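Peer 1: My structure is stored as coords31.txt, with compact mmCIF, C-alpha atoms and all ligand atoms.
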# COMPACT_ATOMS: atom_id res chain seq x y z
CA MET A 816 106.92 35.05 -248.20
CA ASP A 817 104.40 36.74 -245.91
CA GLU A 818 105.63 37.47 -242.44
CA LEU A 819 103.59 36.17 -239.53
CA THR A 820 102.79 39.38 -237.79
CA LYS A 821 99.69 38.61 -235.79
CA THR A 822 98.74 36.30 -232.98
CA ILE A 823 95.38 34.73 -232.21
CA LEU A 824 95.09 33.40 -228.67
CA LEU A 825 92.91 30.28 -228.72
CA THR A 826 91.78 28.75 -225.45
CA GLY A 827 90.04 25.50 -224.50
CA PHE A 828 89.07 24.07 -221.13
CA GLU A 829 90.22 20.99 -219.27
CA PRO A 830 87.64 18.23 -218.66
CA PHE A 831 85.09 18.90 -215.91
CA GLY A 832 82.00 17.43 -214.29
CA GLY A 833 83.44 13.92 -214.15
CA SER A 834 84.25 13.75 -217.87
CA GLN A 835 87.61 12.42 -219.05
CA THR A 836 87.82 14.69 -222.05
CA ASN A 837 86.72 18.07 -223.38
CA PRO A 838 86.35 18.79 -227.12
CA SER A 839 87.42 22.41 -226.57
CA GLN A 840 90.76 21.25 -225.17
CA LEU A 841 91.34 18.83 -228.05
CA VAL A 842 90.45 21.39 -230.72
CA ALA A 843 92.54 24.16 -229.13
CA LEU A 844 95.59 21.90 -228.84
CA ALA A 845 95.17 20.58 -232.40
CA LEU A 846 95.45 24.16 -233.69
CA ASP A 847 98.37 25.27 -231.51
CA GLY A 848 101.16 26.77 -233.63
CA LYS A 849 99.11 26.64 -236.84
CA THR A 850 99.37 29.43 -239.37
CA ILE A 851 96.16 31.09 -240.59
CA GLY A 852 96.99 33.72 -243.23
CA ARG A 853 99.29 36.18 -241.47
CA CYS A 854 98.37 34.85 -238.03
CA GLN A 855 99.89 32.31 -235.75
CA VAL A 856 97.64 30.48 -233.32
CA LYS A 857 98.77 30.17 -229.71
CA SER A 858 96.66 27.72 -227.73
CA VAL A 859 96.17 27.44 -224.00
CA VAL A 860 94.07 25.08 -221.90
CA LEU A 861 92.35 26.80 -218.99
CA PRO A 862 91.48 25.13 -215.69
CA VAL A 863 87.80 24.78 -214.74
CA ASP A 864 88.49 26.71 -211.56
CA ARG A 865 86.69 29.85 -210.38
CA THR A 866 89.95 31.76 -209.80
CA GLY A 867 92.47 29.82 -211.90
CA GLY A 868 90.36 29.91 -215.09
CA PRO A 869 90.06 33.67 -215.56
CA GLN A 870 93.54 34.21 -214.10
CA ALA A 871 95.15 31.90 -216.68
CA LEU A 872 93.35 33.69 -219.52
CA LEU A 873 94.42 37.15 -218.34
CA GLU A 874 98.02 35.97 -217.81
CA LYS A 875 98.24 34.57 -221.33
CA MET A 876 96.71 37.73 -222.79
CA ALA A 877 99.40 39.76 -220.98
CA LEU A 878 102.11 37.37 -222.15
CA TYR A 879 101.22 37.06 -225.84
CA HIS A 880 99.58 40.46 -226.53
CA PRO A 881 97.26 38.73 -229.01
CA ASN A 882 95.54 40.58 -231.85
CA ALA A 883 92.38 38.54 -231.21
CA VAL A 884 91.16 36.11 -228.56
CA MET A 885 88.94 33.13 -229.32
CA CYS A 886 87.82 31.04 -226.36
CA LEU A 887 86.27 27.59 -226.69
CA GLY A 888 84.27 25.51 -224.24
CA GLU A 889 82.13 22.39 -224.21
CA ALA A 890 78.36 22.75 -223.96
CA SER A 891 77.22 19.21 -223.36
CA ARG A 892 73.71 18.52 -224.63
CA ARG A 893 73.85 21.34 -227.16
CA ALA A 894 73.49 19.76 -230.58
CA VAL A 895 75.18 22.44 -232.68
CA VAL A 896 78.17 24.78 -232.60
CA SER A 897 77.15 27.87 -230.59
CA VAL A 898 78.74 31.18 -231.51
CA GLU A 899 78.18 33.15 -228.32
CA LYS A 900 76.92 36.73 -228.58
CA ILE A 901 76.81 37.80 -224.90
CA ALA A 902 78.85 37.44 -221.70
CA VAL A 903 76.89 38.27 -218.52
CA ASN A 904 78.14 39.56 -215.18
CA TRP A 905 76.67 36.65 -213.24
CA MET A 906 77.93 33.37 -211.85
CA ASP A 907 75.46 30.69 -210.85
CA TYR A 908 77.30 27.41 -211.28
CA ARG A 909 75.05 24.46 -212.11
CA ILE A 910 77.77 22.05 -210.90
CA PRO A 911 80.94 22.53 -208.80
CA ASP A 912 84.16 23.57 -210.55
CA ASN A 913 87.15 21.21 -210.49
CA GLN A 914 88.08 22.50 -207.00
CA GLY A 915 84.63 21.54 -205.70
CA GLU A 916 83.42 25.17 -205.45
CA GLN A 917 79.88 25.92 -206.54
CA LEU A 918 79.27 29.68 -206.69
CA SER A 919 75.72 30.90 -206.55
CA ASP A 920 74.20 34.22 -207.62
CA LEU A 921 77.38 36.32 -207.68
CA PRO A 922 78.74 38.91 -210.13
CA VAL A 923 81.91 38.10 -212.08
CA ASP A 924 83.03 41.65 -211.26
CA PRO A 925 81.02 43.78 -208.81
CA GLU A 926 82.24 46.93 -210.58
CA GLY A 927 81.51 45.72 -214.11
CA PRO A 928 78.52 46.34 -216.39
CA ALA A 929 75.69 43.78 -216.62
CA ALA A 930 76.97 42.29 -219.87
CA TYR A 931 79.28 42.62 -222.84
CA PHE A 932 78.67 41.68 -226.45
CA SER A 933 81.27 39.56 -228.17
CA THR A 934 83.62 41.80 -230.11
CA LEU A 935 84.12 39.22 -232.86
CA PRO A 936 81.96 39.29 -236.01
CA VAL A 937 79.47 36.79 -234.57
CA ARG A 938 77.02 36.76 -237.47
CA GLU A 939 79.72 36.39 -240.11
CA ILE A 940 81.36 33.53 -238.21
CA TYR A 941 77.96 31.84 -237.87
CA GLU A 942 77.17 32.33 -241.57
CA GLN A 943 80.55 31.02 -242.74
CA ILE A 944 80.35 27.91 -240.56
CA LEU A 945 76.79 27.25 -241.74
CA ALA A 946 77.76 27.83 -245.40
CA ARG A 947 80.29 25.00 -245.08
CA GLY A 948 77.53 22.60 -244.00
CA ILE A 949 78.17 22.51 -240.25
CA PRO A 950 75.14 22.94 -237.96
CA THR A 951 75.57 26.10 -235.94
CA GLU A 952 73.64 28.84 -234.16
CA ILE A 953 74.12 32.28 -232.65
CA SER A 954 73.65 31.74 -228.93
CA MET A 955 72.39 34.40 -226.55
CA SER A 956 73.70 32.69 -223.42
CA ALA A 957 77.07 31.18 -222.60
CA GLY A 958 75.53 29.96 -219.32
CA ALA A 959 76.54 31.05 -215.81
CA PHE A 960 79.51 28.72 -215.24
CA LEU A 961 83.22 29.00 -216.09
CA CYS A 962 82.79 29.59 -219.84
CA ASN A 963 80.66 32.68 -219.36
CA GLN A 964 82.90 33.83 -216.49
CA VAL A 965 86.09 33.63 -218.54
CA PHE A 966 84.35 35.24 -221.54
CA TYR A 967 83.17 38.12 -219.31
CA ALA A 968 86.52 38.48 -217.51
CA GLY A 969 88.41 38.73 -220.80
CA LEU A 970 86.04 41.27 -222.34
CA HIS A 971 86.01 43.31 -219.12
CA SER A 972 89.79 43.35 -218.93
CA LEU A 973 90.08 44.54 -222.56
CA ALA A 974 87.31 47.15 -222.15
CA THR A 975 88.74 48.63 -218.96
CA ARG A 976 92.18 48.92 -220.57
CA ASP A 977 90.71 50.41 -223.77
CA LEU A 978 92.27 47.70 -225.88
CA ALA A 979 90.62 47.16 -229.26
CA VAL A 980 91.40 43.44 -229.32
CA PRO A 981 88.41 41.44 -230.58
CA MET A 982 87.40 38.57 -228.33
CA GLY A 983 84.68 35.96 -228.54
CA PHE A 984 83.53 32.54 -227.46
CA ILE A 985 82.35 29.38 -229.18
CA HIS A 986 80.70 26.46 -227.39
CA LEU A 987 81.21 23.04 -228.96
CA PRO A 988 78.90 20.05 -228.48
CA SER A 989 80.22 16.98 -226.64
CA LEU A 990 82.09 14.31 -228.58
CA PRO A 991 80.21 11.16 -229.64
CA GLU A 992 82.24 9.07 -227.17
CA GLN A 993 81.08 11.32 -224.30
CA ALA A 994 77.43 11.51 -225.37
CA SER A 995 77.09 7.79 -226.03
CA ARG A 996 78.34 6.89 -222.54
CA ALA A 997 75.69 8.98 -220.73
CA LEU A 998 72.73 7.31 -219.04
CA SER A 999 70.51 8.89 -221.68
CA PRO A 1000 72.66 9.42 -224.78
CA TYR A 1001 72.38 12.84 -226.36
CA ALA A 1002 73.43 14.80 -229.45
CA SER A 1003 77.11 15.22 -230.19
CA MET A 1004 79.57 16.36 -232.85
CA SER A 1005 82.72 14.68 -234.11
CA PHE A 1006 86.11 16.14 -233.28
CA GLU A 1007 86.81 16.71 -237.00
CA THR A 1008 83.60 18.70 -237.51
CA SER A 1009 84.18 20.87 -234.43
CA LEU A 1010 87.79 21.42 -235.50
CA ARG A 1011 86.65 22.53 -238.97
CA ALA A 1012 84.09 24.93 -237.45
CA VAL A 1013 86.80 26.58 -235.34
CA GLU A 1014 89.17 26.79 -238.33
CA ILE A 1015 86.44 28.58 -240.29
CA ALA A 1016 85.94 31.01 -237.37
CA LEU A 1017 89.69 31.69 -237.25
CA ASP A 1018 89.72 32.38 -241.02
CA VAL A 1019 87.02 35.02 -240.53
CA ILE A 1020 88.94 36.57 -237.63
CA GLU A 1021 92.21 36.60 -239.57
CA LYS A 1022 90.63 38.74 -242.28
CA ARG A 1023 89.47 41.28 -239.70
CA ILE A 1024 92.70 41.87 -237.77
N1 LIG A 1101 82.32 24.17 -220.43
C1 LIG A 1101 81.85 24.77 -219.19
C2 LIG A 1101 83.10 25.14 -218.44
C3 LIG A 1101 84.22 24.47 -219.13
C4 LIG A 1101 83.65 23.98 -220.41
O1 LIG A 1101 84.28 23.44 -221.32
C5 LIG A 1101 80.86 25.88 -219.42
O2 LIG A 1101 80.09 25.83 -220.40
O3 LIG A 1101 80.80 26.82 -218.62
Kindly transcribe the structure held in the file into structure tokens.
Peer 2:
Amino acid sequence: MDELTKTILLTGFEPFGGSQTNPSQLVALALDGKTIGRCQVKSVVLPVDRTGGPQALLEKMALYHPNAVMCLGEASRRAVVSVEKIAVNWMDYRIPDNQGEQLSDLPVDPEGPAAYFSTLPVREIYEQILARGIPTEISMSAGAFLCNQVFYAGLHSLATRDLAVPMGFIHLPSLPEQASRALSPYASMSFETSLRAVEIALDVIEKRI
């Protein structure tokens, strides 16, 4: 029997912006402890909090020493799975975080570079998800809220410590139950489809680490 020698840290976010749920949290928790090839998935739910969010990610990275990091978030009103290519050194929250703080026009790290590329195989993940019949895209912006901030903070931490641990981010659409309750209903994706997309991404990552 193959030994489980590798760890993939998988993160989701708690609900935010008045929502009761977050698909990224549900998908991350559904995969916690799962075995993918030689890898074990360790899942964590991050707070939507300007300090607590990045802090929780960096703490779990220090605790688990993962071989890869895959972060998930919800992008409400996006219709397809978004495999993020770029994290930018900019925070310009469109809504307050769960502590009521709304940061405007600030760097994630004043010492850091303008941006980082994802260090996961973005195009391959996108192609594999698409090949399995799930609508997806390569996205060139993870926004300027907590998802981008955590994505940037993780990549910056790995880069400044010279750690060759691949890290990336996937945004998931809202769930049908969220999108149908909005004043003007919008596009959504079922939990099962989002879960499958993330499993496909983890399969690609497993083969690379
Ligand atoms: N989505 C937000 C933050 C938490 C989440 O799930 C974002 O796109 O920044």
Peer 1: Suppose you want the space between atom CA of Tyr879 of chain A and atom CA of Thr975 of chain A; what is it in Å?
Peer 2: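 Going from atom CA of Tyr879 of chain A over to atom CA of Thr975 of chain A covers 18.4 Å.
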Peer 1: Find the residues near Arg1011 of chain A: any atom within 12 Å, counting only C-alpha atoms, skip ones fewer than 2 places away on the same chain, and give them as a ChimeraX atom specification.
Peer 2: /A:842-843,845-846,896,943-945,947-950,987,1004-1009,1013-1018
Peer 1: Could you check which of A:Thr866, A:Asn882, A:Thr850, A:Ser956 is closest to ligand LIG 1101 (chain A), using only C-alpha atoms and all ligand atoms?
Peer 2: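 Looking at the shortest contact to ligand LIG 1101 (chain A), the residue is A:Ser956.
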Peer 1: Go through A:Arg909, A:Arg996, A:Arg892, A:Lys900 one by one, measure the shortest atom-to-atom distance of each to Met982 of chain A using only C-alpha atoms, and give the residue with the smallest value.
Peer 2: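 For Met982 of chain A, the nearest of the given residues is A:Lys900.
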Peer 1: Output as CSV one row per residue of chain A within 7 Å of ligand LIG 1101 (chain A): the closest atom pair and its distance in Å to one decimal place, counting only C-alpha atoms and all ligand atoms, sorted by chain and residue number ascending.
Peer 2:
residue,atom,partner,partner_atom,distance
A:Gly827,CA,A:LIG1101,O1,6.9
A:Phe828,CA,A:LIG1101,O1,4.8
A:Glu829,CA,A:LIG1101,O1,6.7
A:Pro830,CA,A:LIG1101,O1,6.7
A:Phe831,CA,A:LIG1101,C3,6.5
A:Asn837,CA,A:LIG1101,O1,6.2
A:Ser839,CA,A:LIG1101,O1,6.2
A:Val863,CA,A:LIG1101,C3,5.7
A:Gly888,CA,A:LIG1101,O1,3.6
A:Glu889,CA,A:LIG1101,O1,3.8
A:Ala890,CA,A:LIG1101,O2,5.0
A:Ala957,CA,A:LIG1101,O2,6.5
A:Gly958,CA,A:LIG1101,O3,6.2
A:Ala959,CA,A:LIG1101,O3,6.6
A:Phe960,CA,A:LIG1101,O3,4.1
A:Leu961,CA,A:LIG1101,O3,4.1
A:Cys962,CA,A:LIG1101,O3,3.6
A:Asn963,CA,A:LIG1101,O3,5.9
Peer 1: Measuring between only C-alpha atoms, which one of A:Val923, A:Ile851, A:Val859, A:Leu844 shows the shortest distance to Thr826 of chain A?
Peer 2: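 For Thr826 of chain A, the nearest of the given residues is A:Val859.
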Peer 1: Would you please work out which residue, of A:Ala1002, A:Leu873, A:Ile985, A:Ile823, is nearest to Arg1023 of chain A when using all atoms listed in the file?
Peer 2: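 Smallest distance to Arg1023 of chain A is found for A:Ile823.
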Peer 1: Mind listing as number ranges by chain all residues within 6 Å of (99.7, 28.7, -228.8), counting only C-alpha atoms?
Peer 2: A: 847-848, 856-858
Peer 1: Considering only C-alpha atoms, return as a ChimeraX atom specification whatever protein or nucleic-acid residues lie within 12 Å of segment 901-905 of chain A, sequence-local ones (same chain, fewer than 3 positions apart) excluded.
Peer 2: /A:886,897-898,908,918-935,937,953-971,982-985
Peer 1: Report, in Å with one decimal, the straight-line distance from atom CA of Pro936 of chain A to atom CA of Val1019 of chain A.
Peer 2: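 Computed distance, atom CA of Pro936 of chain A to atom CA of Val1019 of chain A, equals 8.0 Å.
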